[in-house]
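Colleague: To start, I am sharing the structure in question, which I have written as structure tokens.
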There are 2 protein chains.
Amino acid sequence: MITNKNCIIRLSRYKNALYRLQALGFVKVFSDNLADSVGGTASQVRKDFSIFGISGNKKGGYQIDSLLEKLNSILGKDQLQKVLVVGAGHIGSALMRYRGFEKEGIKIVAGFDIDPAKINRSNPVPILPLDEAKAFIKSNQIRIAILAVPDIAAQSALDLICAAGIKGVLNFAPLRLKAPDGSIVNNVNLEIELENLIYFVNVAEKTK
Amino acid sequence: MITNKNCIIRLSRYKNALYRLQALGFVKVFSDNLADSVGGTASQVRKDFSIFGISGNKKGGYQIDSLLEKLNSILGKDQLQKVLVVGAGHIGSALMRYRGFEKEGIKIVAGFDIDPAKINRSNPVPILPLDEAKAFIKSNQIRIAILAVPDIAAQSALDLICAAGIKGVLNFAPLRLKAPDGSIVNNVNLEIELENLIYFVNVAEKTK
DNA sequence: ATCATATTGTTCCATTTTTCACAATAACAA
DNA sequence: TTGTTATTGTGAAAAATGGAACAATATGAT
Ligand SMILES: NC(=O)c1ccc[n+]([C@@H]2O[C@H](COP(=O)([O-])OP(=O)(O)OC[C@H]3O[C@@H](n4cnc5c(N)ncnc54)[C@H](O)[C@@H]3O)[C@@H](O)[C@H]2O)c1
Ligand SMILES: NC(=O)c1ccc[n+]([C@@H]2O[C@H](COP(=O)([O-])OP(=O)(O)OC[C@H]3O[C@@H](n4cnc5c(N)ncnc54)[C@H](O)[C@@H]3O)[C@@H](O)[C@H]2O)c1
């Protein structure tokens, strides 16, 4: 069982690179082409594939279309992934208006908010009152949510949606949430991303 | 020289946890308190500190205020970090309106856009035409930028700001940019974050 | 003053991740 | 057909990361 997050991220990158190559008319690809496209090494590409039992052809590389099929299946992209956004504020609405997820088979199906002023059922992505979240999650069998509520509300909103059936949450609030049993929380912490960047810029500056 | 990104992320977490503890009135802390707060082990906390020459007191733990001073200095938080946003669209304006960075000593000082309709010099964070970016970066000695332009414009915008003196970029466009010499690009790729989450949710589902 | 105790700092060990290296082999050329 | 070459797949080596263990020691108790 693979627990290596970086490995899965690389699979996503290979997949994206393969679509670009396919769009350019390529039908096969070698491990070193892929390595170049995503910025890695050829042996790591092959090792990653081998972990998932993906094989190519000696001297012939990999068929792009069948490779994409396999990667897409591993990454759960053989079915449309329905996602909710909880918190229709600045970040939440930016995400709901973003069209880029759709080409990745990810569809934001609804937003939820406690502020009555934010409710808008006729939006392309409808924004509904939080009270309706539980029923919505259950009847539409949603498993994934993006959490974009104020920090103070994050844990209770998380508990609510997980109790309703959400299994995976991408959390934007910059604090450590306790994931309810059976659910996974990943964080996007932009403060920390910036701090990290600043650190490495400073280090580069000093060693220069 | 530390190249371990996770280690630096942990330093940020320690720092955040320390502020919370400080706000609760604590003046000292033990490695296992910190480990609990951030979800790690006590030896890792001590190891992280030791890497940076931070020492505490046998049996006495660490003084929170002096620990914070040291962490803040390592993380470059002893001076206000001025940051630009390039691209005042959905993501860019969400970031410019966000007040949360300020308490972290990060100040978004300006946004830049090519669309004349976006220009607004009297905004709390002024939004200026891209042509002015170079002069602004130079005269204000900005080193860090957030890139939130459409995918197609990302590489050229990156080249422009790095040529003007930007050393570190947090890029939201879901593609691999070529960092100009002497600059660092870190990516926030939400598509990939979601794919990753979906993968691990599926795995958990299956092994259940 | 002595002892017991709690906690650090660091060394050593285990695990994970990446890279190297090369045998196996499919494709192609002559 | 035979030989040459390019590329995979993988086992072994190396590097990086994380965790356990424990000696050193400051603190507080008796
Ligand atoms: N905006 C940014 O650029 C940015 C950057 C980094 C981190 N964040 C984090 O993202 C989160 C959201 O930030 P934002 O700027 O979008 O905030 P915001 O205040 O603009 O929006 C939050 C929304 O959540 C709604 N809400 C409050 N409690 C709720 C609940 N219990 N259930 C459902 N909805 C609820 C509010 O009505 C509001 O519409 C915060 O945790 C913030 O720290 C935001
Ligand atoms: N909005 C989201 O939720 C979201 C999610 C994931 C990724 N992204 C990525 O973030 C980036 C920005 O997305 P967005 O939704 O904010 O886009 P957007 O179209 O809302 O905004 C982009 C802004 O950049 C400006 N712009 C275009 N070219 C420019 C240039 N050369 N220099 C300066 N400004 C320029 C445009 O005028 C516009 O204001 C895109 O790469 C997108 O793929 C966005």
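Identifiers in the structure tokens: chain A, B, ... in order shown; residue index from 1 per chain; ligand index from 1 in order shown.
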Here's a check: after a least-squares fit over all in-order C-alpha atoms, write chain B in the frame of chain A, as a short mmCIF file (atom, residue, chain, number, x, y, z; two decimals) with C-alpha atoms, in the first residue's frame.
Modeller:
```
data_model
loop_
_atom_site.label_atom_id
_atom_site.label_comp_id
_atom_site.auth_asym_id
_atom_site.auth_seq_id
_atom_site.Cartn_x
_atom_site.Cartn_y
_atom_site.Cartn_z
CA MET B 1 0.26 0.18 0.27
CA ILE B 2 1.59 3.50 -0.95
CA THR B 3 1.81 6.23 1.64
CA ASN B 4 4.21 8.38 -0.29
CA LYS B 5 2.37 11.59 -1.06
CA ASN B 6 5.12 12.81 -3.36
CA CYS B 7 4.79 9.73 -5.46
CA ILE B 8 1.08 10.40 -6.03
CA ILE B 9 1.81 14.02 -6.84
CA ARG B 10 4.27 12.82 -9.44
CA LEU B 11 1.58 10.62 -10.96
CA SER B 12 -0.59 13.71 -11.36
CA ARG B 13 2.29 15.50 -13.03
CA TYR B 14 2.95 12.62 -15.39
CA LYS B 15 -0.70 12.61 -16.28
CA ASN B 16 -0.71 16.33 -17.03
CA ALA B 17 2.46 16.08 -19.07
CA LEU B 18 0.98 13.18 -21.02
CA TYR B 19 -2.06 15.22 -22.00
CA ARG B 20 0.22 17.94 -23.30
CA LEU B 21 2.25 15.41 -25.29
CA GLN B 22 -0.91 13.83 -26.60
CA ALA B 23 -2.19 17.22 -27.71
CA LEU B 24 1.06 17.68 -29.63
CA GLY B 25 0.33 14.49 -31.54
CA PHE B 26 2.64 12.06 -29.76
CA VAL B 27 1.38 8.54 -29.31
CA LYS B 28 4.23 7.07 -27.32
CA VAL B 29 6.63 8.39 -24.73
CA PHE B 30 9.86 7.27 -23.05
CA SER B 31 10.65 7.50 -19.39
CA ASP B 32 13.23 10.19 -20.01
CA ASN B 33 10.78 12.36 -21.94
CA LEU B 34 8.44 12.25 -19.00
CA ALA B 35 11.28 12.88 -16.60
CA ASP B 36 12.20 16.00 -18.54
CA SER B 37 8.61 17.25 -18.66
CA VAL B 38 8.06 17.02 -14.94
CA GLY B 39 11.61 17.62 -13.75
CA GLY B 40 12.67 14.27 -12.39
CA THR B 41 14.80 11.32 -13.36
CA ALA B 42 13.95 8.58 -15.81
CA SER B 43 14.50 5.84 -13.24
CA GLN B 44 12.09 7.45 -10.89
CA VAL B 45 9.44 7.56 -13.60
CA ARG B 46 9.93 3.88 -14.26
CA LYS B 47 10.00 3.07 -10.57
CA ASP B 48 6.77 4.98 -9.97
CA PHE B 49 5.10 3.07 -12.77
CA SER B 50 6.44 -0.23 -11.58
CA ILE B 51 5.02 0.37 -8.10
CA PHE B 52 1.58 0.48 -9.68
CA GLY B 53 2.23 -2.39 -12.04
CA ILE B 54 2.30 -0.18 -15.10
CA SER B 55 4.57 -1.57 -17.78
CA GLY B 56 5.73 -0.34 -21.13
CA ASN B 57 7.57 -1.99 -24.01
CA LYS B 58 11.24 -2.68 -24.11
CA LYS B 59 12.68 -0.27 -26.62
CA GLY B 60 9.17 0.98 -27.38
CA GLY B 61 8.42 3.17 -24.39
CA TYR B 62 4.85 3.62 -23.20
CA GLN B 63 1.67 4.08 -25.22
CA ILE B 64 0.36 7.44 -24.12
CA ASP B 65 -3.30 6.57 -24.28
CA SER B 66 -3.12 3.37 -22.32
CA LEU B 67 -0.75 5.00 -19.84
CA LEU B 68 -3.24 7.80 -19.34
CA GLU B 69 -6.00 5.31 -18.79
CA LYS B 70 -4.05 3.60 -16.05
CA LEU B 71 -2.97 6.81 -14.36
CA ASN B 72 -6.49 8.18 -14.53
CA SER B 73 -7.83 5.06 -12.95
CA ILE B 74 -5.27 5.20 -10.14
CA LEU B 75 -6.05 8.85 -9.53
CA GLY B 76 -9.80 8.26 -9.51
CA LYS B 77 -10.30 10.25 -12.67
CA ASP B 78 -12.38 7.63 -14.40
CA GLN B 79 -15.39 9.14 -12.73
CA LEU B 80 -16.45 12.73 -12.25
CA GLN B 81 -15.49 13.86 -8.77
CA LYS B 82 -18.15 15.95 -7.13
CA VAL B 83 -16.83 18.43 -4.59
CA LEU B 84 -18.44 20.94 -2.26
CA VAL B 85 -17.17 24.24 -1.02
CA VAL B 86 -18.06 25.17 2.53
CA GLY B 87 -17.78 28.91 3.11
CA ALA B 88 -18.67 31.18 0.20
CA GLY B 89 -16.36 34.04 1.12
CA HIS B 90 -13.32 35.34 -0.72
CA ILE B 91 -11.52 32.07 -1.24
CA GLY B 92 -14.66 29.98 -1.50
CA SER B 93 -16.18 32.06 -4.26
CA ALA B 94 -12.91 32.30 -6.17
CA LEU B 95 -12.88 28.51 -6.20
CA MET B 96 -16.53 28.23 -7.19
CA ARG B 97 -16.01 30.57 -10.14
CA TYR B 98 -12.88 28.79 -11.30
CA ARG B 99 -13.41 26.83 -14.49
CA GLY B 100 -10.07 25.05 -14.38
CA PHE B 101 -11.18 22.12 -12.23
CA GLU B 102 -13.66 20.88 -14.79
CA LYS B 103 -11.07 19.89 -17.35
CA GLU B 104 -9.61 17.77 -14.55
CA GLY B 105 -12.88 15.94 -13.99
CA ILE B 106 -13.51 17.79 -10.76
CA LYS B 107 -16.87 19.50 -10.46
CA ILE B 108 -17.82 21.84 -7.67
CA VAL B 109 -21.49 21.03 -7.29
CA ALA B 110 -22.51 23.38 -4.50
CA GLY B 111 -21.37 25.89 -1.94
CA PHE B 112 -22.66 26.20 1.61
CA ASP B 113 -22.68 29.21 3.92
CA ILE B 114 -24.32 30.28 7.16
CA ASP B 115 -24.77 33.87 6.01
CA PRO B 116 -28.27 34.19 4.48
CA ALA B 117 -26.98 37.02 2.29
CA LYS B 118 -24.68 34.55 0.52
CA ILE B 119 -27.41 32.09 -0.42
CA ASN B 120 -28.09 31.97 -4.15
CA ARG B 121 -29.85 28.93 -5.52
CA SER B 122 -29.70 30.06 -9.11
CA ASN B 123 -25.93 30.45 -9.31
CA PRO B 124 -24.11 28.20 -11.77
CA VAL B 125 -22.77 26.65 -8.57
CA PRO B 126 -25.71 27.09 -6.18
CA ILE B 127 -24.91 28.47 -2.75
CA LEU B 128 -27.10 26.86 -0.14
CA PRO B 129 -27.66 27.28 3.58
CA LEU B 130 -25.44 25.18 5.78
CA ASP B 131 -28.49 23.42 7.30
CA GLU B 132 -29.04 21.73 3.98
CA ALA B 133 -25.50 20.40 3.77
CA LYS B 134 -26.16 17.13 5.53
CA ALA B 135 -29.08 16.12 3.34
CA PHE B 136 -27.26 17.27 0.22
CA ILE B 137 -24.12 15.30 1.03
CA LYS B 138 -26.11 12.18 1.75
CA SER B 139 -28.44 12.32 -1.21
CA ASN B 140 -25.68 13.21 -3.68
CA GLN B 141 -23.11 10.95 -2.04
CA ILE B 142 -20.44 13.62 -1.95
CA ARG B 143 -17.14 12.51 -0.42
CA ILE B 144 -14.86 15.51 -0.96
CA ALA B 145 -15.15 19.07 0.33
CA ILE B 146 -13.13 22.25 0.38
CA LEU B 147 -13.28 24.09 3.66
CA ALA B 148 -13.04 27.88 3.34
CA VAL B 149 -14.73 29.21 6.45
CA PRO B 150 -13.23 31.55 9.07
CA ASP B 151 -10.67 29.86 11.32
CA ILE B 152 -12.97 29.90 14.31
CA ALA B 153 -15.70 28.01 12.46
CA ALA B 154 -13.44 25.46 10.79
CA GLN B 155 -13.53 22.61 13.31
CA SER B 156 -17.28 22.64 13.77
CA ALA B 157 -17.92 22.86 10.03
CA LEU B 158 -15.51 19.97 9.55
CA ASP B 159 -17.30 17.86 12.14
CA LEU B 160 -20.65 18.62 10.56
CA ILE B 161 -19.71 17.66 7.01
CA CYS B 162 -17.79 14.56 8.06
CA ALA B 163 -20.72 13.38 10.13
CA ALA B 164 -22.78 13.74 6.95
CA GLY B 165 -20.43 11.54 4.96
CA ILE B 166 -17.52 13.66 3.72
CA LYS B 167 -14.34 11.56 3.64
CA GLY B 168 -11.73 14.04 2.41
CA VAL B 169 -11.33 17.74 3.11
CA LEU B 170 -9.01 20.35 1.70
CA ASN B 171 -8.77 22.93 4.44
CA PHE B 172 -7.71 26.55 3.88
CA ALA B 173 -7.98 27.68 7.50
CA PRO B 174 -4.48 28.11 8.93
CA LEU B 175 -4.89 25.84 11.91
CA ARG B 176 -4.63 22.16 12.67
CA LEU B 177 -8.01 20.51 12.62
CA LYS B 178 -8.82 17.23 14.23
CA ALA B 179 -10.04 14.92 11.49
CA PRO B 180 -13.03 12.86 12.57
CA ASP B 181 -12.47 9.10 12.37
CA GLY B 182 -12.51 7.79 8.85
CA SER B 183 -11.88 11.18 7.24
CA ILE B 184 -8.74 12.81 5.90
CA VAL B 185 -7.89 16.50 6.13
CA ASN B 186 -5.21 18.03 3.92
CA ASN B 187 -4.22 21.62 4.41
CA VAL B 188 -3.42 24.48 2.09
CA ASN B 189 -1.73 26.94 4.40
CA LEU B 190 -0.70 29.98 2.44
CA GLU B 191 0.92 31.74 5.39
CA ILE B 192 3.21 28.77 5.83
CA GLU B 193 3.86 28.54 2.09
CA LEU B 194 4.96 32.16 2.09
CA GLU B 195 7.11 31.75 5.21
CA ASN B 196 8.76 28.77 3.63
CA LEU B 197 9.48 30.66 0.44
CA ILE B 198 10.87 33.59 2.41
CA TYR B 199 13.14 31.27 4.36
CA PHE B 200 14.65 29.73 1.24
CA VAL B 201 15.01 33.12 -0.43
CA ASN B 202 16.89 34.38 2.62
CA VAL B 203 19.12 31.32 2.67
CA ALA B 204 19.92 31.75 -1.03
CA GLU B 205 20.65 35.41 -0.40
CA LYS B 206 23.09 34.62 2.39
CA THR B 207 24.96 31.80 0.67
CA LYS B 208 25.33 33.86 -2.48
#
```
Colleague: Kindly provide, as a PyMOL selection string, the residues of chain D having any atom no farther than 8 Å from an atom of chain B, counting only C-alpha atoms (C1' of nucleotides).
Modeller: chain D and resi 18-19+25-27
Colleague: Could you work out how far C1' of DC22 in chain D lies from C1' of DT15 in chain C, giving the answer in Å with one decimal?
Modeller: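 So the two atoms, C1' of DT15 in chain C and C1' of DC22 in chain D, lie 20.9 Å apart.
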Colleague: Would you mind listing what lies within 9 Å of DA15 in chain D as a PyMOL selection string, with only C-alpha atoms (C1' of nucleotides) counted and same-chain residues fewer than 2 positions away left out?
Modeller: chain C and resi 17-19
Colleague: May I have all residues of range 29-167 of chain B that DSSP, computed from the backbone, assigns to strand (DSSP E or B), given as a tab-separated table (two decimals) with all heavy atoms, in the first residue's frame?
Modeller:
```
chain	number	residue	atom	x	y	z
B	29	VAL	N	7.93	25.99	27.70
B	29	VAL	CA	7.29	24.89	27.00
B	29	VAL	C	8.29	23.75	26.91
B	29	VAL	O	9.50	23.97	26.88
B	29	VAL	CB	6.85	25.37	25.59
B	29	VAL	CG1	8.06	25.63	24.71
B	29	VAL	CG2	5.94	24.36	24.92
B	57	ASN	N	16.74	24.37	28.36
B	57	ASN	CA	17.36	24.12	29.65
B	57	ASN	C	17.00	22.72	30.11
B	57	ASN	O	15.83	22.34	30.13
B	57	ASN	CB	16.85	25.12	30.67
B	57	ASN	CG	16.87	26.52	30.11
B	57	ASN	OD1	17.93	27.04	29.77
B	57	ASN	ND2	15.69	27.11	29.95
B	61	GLY	N	12.93	22.98	30.01
B	61	GLY	CA	12.27	23.25	28.74
B	61	GLY	C	12.82	24.48	28.05
B	61	GLY	O	14.00	24.84	28.20
B	62	TYR	N	11.97	25.13	27.27
B	62	TYR	CA	12.39	26.28	26.47
B	62	TYR	C	11.58	27.50	26.91
B	62	TYR	O	10.39	27.40	27.18
B	62	TYR	CB	12.13	26.01	24.99
B	62	TYR	CG	12.82	24.77	24.46
B	62	TYR	CD1	12.26	23.50	24.64
B	62	TYR	CD2	14.03	24.85	23.80
B	62	TYR	CE1	12.90	22.36	24.18
B	62	TYR	CE2	14.68	23.72	23.33
B	62	TYR	CZ	14.11	22.47	23.53
B	62	TYR	OH	14.74	21.35	23.07
B	63	GLN	N	12.25	28.64	26.98
B	63	GLN	CA	11.55	29.91	27.23
B	63	GLN	C	10.80	30.29	25.96
B	63	GLN	O	11.43	30.44	24.89
B	63	GLN	CB	12.56	31.01	27.55
B	63	GLN	CG	13.21	30.92	28.90
B	63	GLN	CD	12.21	30.97	30.05
B	63	GLN	OE1	12.13	30.01	30.81
B	63	GLN	NE2	11.45	32.04	30.16
B	81	GLN	N	7.68	41.50	5.66
B	81	GLN	CA	7.93	40.99	4.32
B	81	GLN	C	6.92	41.60	3.37
B	81	GLN	O	5.73	41.38	3.49
B	81	GLN	CB	7.83	39.46	4.32
B	81	GLN	CG	8.86	38.77	5.17
B	81	GLN	CD	10.27	38.84	4.60
B	81	GLN	OE1	10.46	39.12	3.41
B	81	GLN	NE2	11.26	38.56	5.43
B	82	LYS	N	7.43	42.34	2.41
B	82	LYS	CA	6.55	42.97	1.43
B	82	LYS	C	6.39	42.04	0.23
B	82	LYS	O	7.37	41.54	-0.31
B	82	LYS	CB	7.15	44.31	0.99
B	82	LYS	CG	7.10	45.36	2.07
B	82	LYS	CD	7.79	46.65	1.63
B	82	LYS	CE	9.30	46.50	1.66
B	82	LYS	NZ	10.01	47.73	1.29
B	83	VAL	N	5.15	41.84	-0.16
B	83	VAL	CA	4.84	40.87	-1.21
B	83	VAL	C	3.94	41.52	-2.24
B	83	VAL	O	3.10	42.35	-1.90
B	83	VAL	CB	4.12	39.65	-0.58
B	83	VAL	CG1	3.62	38.69	-1.64
B	83	VAL	CG2	5.03	38.94	0.41
B	84	LEU	N	4.13	41.16	-3.50
B	84	LEU	CA	3.20	41.62	-4.54
B	84	LEU	C	2.32	40.49	-4.99
B	84	LEU	O	2.71	39.33	-4.95
B	84	LEU	CB	3.90	42.03	-5.82
B	84	LEU	CG	5.17	42.75	-5.94
B	84	LEU	CD1	5.52	42.72	-7.43
B	84	LEU	CD2	4.90	44.16	-5.46
B	85	VAL	N	1.19	40.88	-5.56
B	85	VAL	CA	0.33	39.93	-6.25
B	85	VAL	C	0.30	40.33	-7.71
B	85	VAL	O	0.03	41.48	-8.03
B	85	VAL	CB	-1.08	39.95	-5.66
B	85	VAL	CG1	-2.04	39.15	-6.54
B	85	VAL	CG2	-1.08	39.38	-4.25
B	86	VAL	N	0.60	39.40	-8.58
B	86	VAL	CA	0.52	39.68	-10.01
B	86	VAL	C	-0.68	38.93	-10.57
B	86	VAL	O	-0.74	37.71	-10.50
B	86	VAL	CB	1.81	39.24	-10.72
B	86	VAL	CG1	1.73	39.53	-12.22
B	86	VAL	CG2	3.01	39.95	-10.11
B	106	ILE	N	3.43	39.59	7.03
B	106	ILE	CA	3.49	39.58	5.57
B	106	ILE	C	2.50	40.62	5.06
B	106	ILE	O	1.32	40.57	5.41
B	106	ILE	CB	3.12	38.18	5.03
B	106	ILE	CG1	4.17	37.16	5.45
B	106	ILE	CG2	2.95	38.22	3.51
B	106	ILE	CD1	3.77	35.71	5.19
B	107	LYS	N	3.00	41.56	4.27
B	107	LYS	CA	2.13	42.63	3.80
B	107	LYS	C	2.09	42.64	2.29
B	107	LYS	O	3.12	42.77	1.62
B	107	LYS	CB	2.64	43.98	4.31
B	107	LYS	CG	1.72	45.14	3.97
B	107	LYS	CD	2.12	46.38	4.74
B	107	LYS	CE	1.43	47.63	4.21
B	107	LYS	NZ	-0.03	47.60	4.29
B	108	ILE	N	0.91	42.50	1.75
B	108	ILE	CA	0.75	42.62	0.30
B	108	ILE	C	0.70	44.11	-0.01
B	108	ILE	O	-0.22	44.81	0.42
B	108	ILE	CB	-0.51	41.89	-0.18
B	108	ILE	CG1	-0.37	40.39	0.13
B	108	ILE	CG2	-0.70	42.11	-1.68
B	108	ILE	CD1	-1.51	39.54	-0.35
B	109	VAL	N	1.71	44.58	-0.72
B	109	VAL	CA	1.85	46.03	-0.90
B	109	VAL	C	1.23	46.53	-2.20
B	109	VAL	O	0.90	47.71	-2.31
B	109	VAL	CB	3.32	46.49	-0.82
B	109	VAL	CG1	3.85	46.33	0.60
B	109	VAL	CG2	4.18	45.72	-1.80
B	110	ALA	N	1.08	45.64	-3.17
B	110	ALA	CA	0.46	46.08	-4.42
B	110	ALA	C	0.05	44.88	-5.26
B	110	ALA	O	0.57	43.78	-5.09
B	110	ALA	CB	1.43	46.95	-5.23
B	111	GLY	N	-0.91	45.13	-6.14
B	111	GLY	CA	-1.26	44.15	-7.15
B	111	GLY	C	-0.94	44.72	-8.52
B	111	GLY	O	-0.86	45.94	-8.68
B	112	PHE	N	-0.73	43.84	-9.48
B	112	PHE	CA	-0.47	44.30	-10.85
B	112	PHE	C	-1.33	43.51	-11.81
B	112	PHE	O	-1.56	42.31	-11.61
B	112	PHE	CB	1.02	44.12	-11.20
B	112	PHE	CG	1.90	45.09	-10.47
B	112	PHE	CD1	2.46	44.76	-9.24
B	112	PHE	CD2	2.12	46.35	-11.00
B	112	PHE	CE1	3.24	45.67	-8.56
B	112	PHE	CE2	2.91	47.27	-10.32
B	112	PHE	CZ	3.47	46.93	-9.09
B	113	ASP	N	-1.81	44.19	-12.85
B	113	ASP	CA	-2.67	43.53	-13.83
B	113	ASP	C	-2.48	44.21	-15.18
B	113	ASP	O	-2.08	45.37	-15.25
B	113	ASP	CB	-4.14	43.61	-13.38
B	113	ASP	CG	-4.96	42.44	-13.92
B	113	ASP	OD1	-5.15	42.38	-15.15
B	113	ASP	OD2	-5.39	41.58	-13.12
B	120	ASN	N	-6.64	50.23	-9.94
B	120	ASN	CA	-7.32	51.02	-8.90
B	120	ASN	C	-6.27	51.48	-7.91
B	120	ASN	O	-5.91	50.76	-6.99
B	120	ASN	CB	-8.39	50.16	-8.23
B	120	ASN	CG	-9.14	50.94	-7.17
B	120	ASN	OD1	-8.67	51.98	-6.70
B	120	ASN	ND2	-10.31	50.45	-6.80
B	127	ILE	N	-3.94	48.57	-7.07
B	127	ILE	CA	-3.76	47.68	-8.21
B	127	ILE	C	-3.25	48.52	-9.36
B	127	ILE	O	-3.92	49.45	-9.81
B	127	ILE	CB	-5.08	46.97	-8.56
B	127	ILE	CG1	-5.53	46.15	-7.35
B	127	ILE	CG2	-4.89	46.07	-9.78
B	127	ILE	CD1	-6.86	45.48	-7.54
B	128	LEU	N	-2.05	48.19	-9.82
B	128	LEU	CA	-1.34	49.04	-10.76
B	128	LEU	C	-1.16	48.32	-12.09
B	128	LEU	O	-1.21	47.08	-12.15
B	128	LEU	CB	0.04	49.41	-10.17
B	128	LEU	CG	0.00	49.96	-8.75
B	128	LEU	CD1	1.42	50.13	-8.20
B	128	LEU	CD2	-0.75	51.28	-8.71
B	129	PRO	N	-0.90	49.09	-13.15
B	129	PRO	CA	-0.64	48.44	-14.44
B	129	PRO	C	0.68	47.69	-14.43
B	129	PRO	O	1.65	48.14	-13.80
B	129	PRO	CB	-0.60	49.61	-15.43
B	129	PRO	CG	-0.61	50.85	-14.65
B	129	PRO	CD	-0.92	50.55	-13.23
B	144	ILE	N	9.52	39.12	-3.05
B	144	ILE	CA	8.57	38.00	-3.08
B	144	ILE	C	7.30	38.40	-3.82
B	144	ILE	O	6.80	39.50	-3.64
B	144	ILE	CB	8.18	37.60	-1.63
B	144	ILE	CG1	9.42	37.38	-0.76
B	144	ILE	CG2	7.27	36.38	-1.62
B	144	ILE	CD1	10.22	36.16	-1.11
B	145	ALA	N	6.79	37.49	-4.65
B	145	ALA	CA	5.54	37.77	-5.37
B	145	ALA	C	4.67	36.53	-5.42
B	145	ALA	O	5.16	35.40	-5.36
B	145	ALA	CB	5.84	38.24	-6.79
B	146	ILE	N	3.38	36.78	-5.51
B	146	ILE	CA	2.41	35.72	-5.74
B	146	ILE	C	1.92	35.86	-7.17
B	146	ILE	O	1.53	36.96	-7.58
B	146	ILE	CB	1.24	35.84	-4.75
B	146	ILE	CG1	1.75	35.68	-3.32
B	146	ILE	CG2	0.16	34.81	-5.07
B	146	ILE	CD1	0.70	35.97	-2.26
B	147	LEU	N	1.96	34.76	-7.90
B	147	LEU	CA	1.60	34.81	-9.31
B	147	LEU	C	0.22	34.19	-9.49
B	147	LEU	O	0.03	33.00	-9.24
B	147	LEU	CB	2.66	34.03	-10.11
B	147	LEU	CG	2.69	34.17	-11.62
B	147	LEU	CD1	2.80	35.62	-12.04
B	147	LEU	CD2	3.86	33.37	-12.18
```
Colleague: Once DSSP has gone over the backbone, tell me which residues of range 2-208 of chain A are in alpha helix (DSSP H), as a PyMOL selection string.
Modeller: chain A and resi 5-23+31-38+42-51+64-74+90-97+133-140+151-163+190-207
Colleague: Residues of chain C no more than 7 Å from chain A, counting only C-alpha atoms (C1' of nucleotides): send them over as a PyMOL selection string.
Modeller: chain C and resi 25-27
Colleague: Can you write out the residues you just picked, keeping C-alpha atoms (C1' of nucleotides), as a PDB file, in the first residue's frame?
Modeller:
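Final output, out16.pdb:
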```pdb
ATOM      1  C1'  DT C  25      14.662  -7.947 -24.319  1.00  0.00           C
ATOM      2  C1'  DA C  26      12.102  -5.852 -28.144  1.00  0.00           C
ATOM      3  C1'  DA C  27      12.959  -3.341 -32.331  1.00  0.00           C
TER       4       DA C  27
END
```
Colleague: Need to verify the contact set: DC22 in chain C, 10 Å, only C-alpha atoms (C1' of nucleotides), exclusion of same-chain residues closer than 2 positions in sequence. Can you return it as a PDB file with N, CA, C and O atoms (P, O5', C5', C4', C3', O3' and C1' of nucleotides), in the first residue's frame?
Modeller:
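Result file result.pdb:
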```pdb
ATOM      1  P    DC C  20      22.131   9.029  -9.848  1.00  0.00           P
ATOM      2  O5'  DC C  20      22.669   7.534  -9.817  1.00  0.00           O
ATOM      3  C5'  DC C  20      23.210   7.028  -8.607  1.00  0.00           C
ATOM      4  C4'  DC C  20      23.605   5.574  -8.786  1.00  0.00           C
ATOM      5  C3'  DC C  20      24.196   5.256 -10.149  1.00  0.00           C
ATOM      6  O3'  DC C  20      25.354   4.465  -9.894  1.00  0.00           O
ATOM      7  C1'  DC C  20      22.367   3.807  -9.685  1.00  0.00           C
ATOM      8  P    DA C  24      19.881 -11.697 -17.570  1.00  0.00           P
ATOM      9  O5'  DA C  24      18.619 -10.942 -18.160  1.00  0.00           O
ATOM     10  C5'  DA C  24      17.469 -10.757 -17.340  1.00  0.00           C
ATOM     11  C4'  DA C  24      16.383 -10.148 -18.196  1.00  0.00           C
ATOM     12  C3'  DA C  24      16.071 -10.945 -19.477  1.00  0.00           C
ATOM     13  O3'  DA C  24      14.663 -10.965 -19.628  1.00  0.00           O
ATOM     14  C1'  DA C  24      16.618  -8.726 -20.042  1.00  0.00           C
TER      15       DA C  24
ATOM     16  P    DT D  10       9.544  -5.385 -12.770  1.00  0.00           P
ATOM     17  O5'  DT D  10      10.878  -5.474 -11.937  1.00  0.00           O
ATOM     18  C5'  DT D  10      11.866  -6.437 -12.284  1.00  0.00           C
ATOM     19  C4'  DT D  10      13.112  -6.132 -11.487  1.00  0.00           C
ATOM     20  C3'  DT D  10      12.835  -5.805 -10.014  1.00  0.00           C
ATOM     21  O3'  DT D  10      13.845  -6.418  -9.235  1.00  0.00           O
ATOM     22  C1'  DT D  10      14.146  -4.147 -10.936  1.00  0.00           C
ATOM     23  P    DG D  11      13.444  -7.407  -8.059  1.00  0.00           P
ATOM     24  O5'  DG D  11      14.844  -7.978  -7.583  1.00  0.00           O
ATOM     25  C5'  DG D  11      15.905  -8.227  -8.521  1.00  0.00           C
ATOM     26  C4'  DG D  11      17.178  -7.608  -7.999  1.00  0.00           C
ATOM     27  C3'  DG D  11      17.270  -7.555  -6.468  1.00  0.00           C
ATOM     28  O3'  DG D  11      18.641  -7.748  -6.099  1.00  0.00           O
ATOM     29  C1'  DG D  11      17.402  -5.369  -7.318  1.00  0.00           C
TER      30       DG D  11
END
```
Colleague: How far is it from C1' of DT17 in chain D to C1' of DT10 in chain C, in Å with one decimal?
Modeller: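 Computing it gives 16.1 Å between the two atoms.
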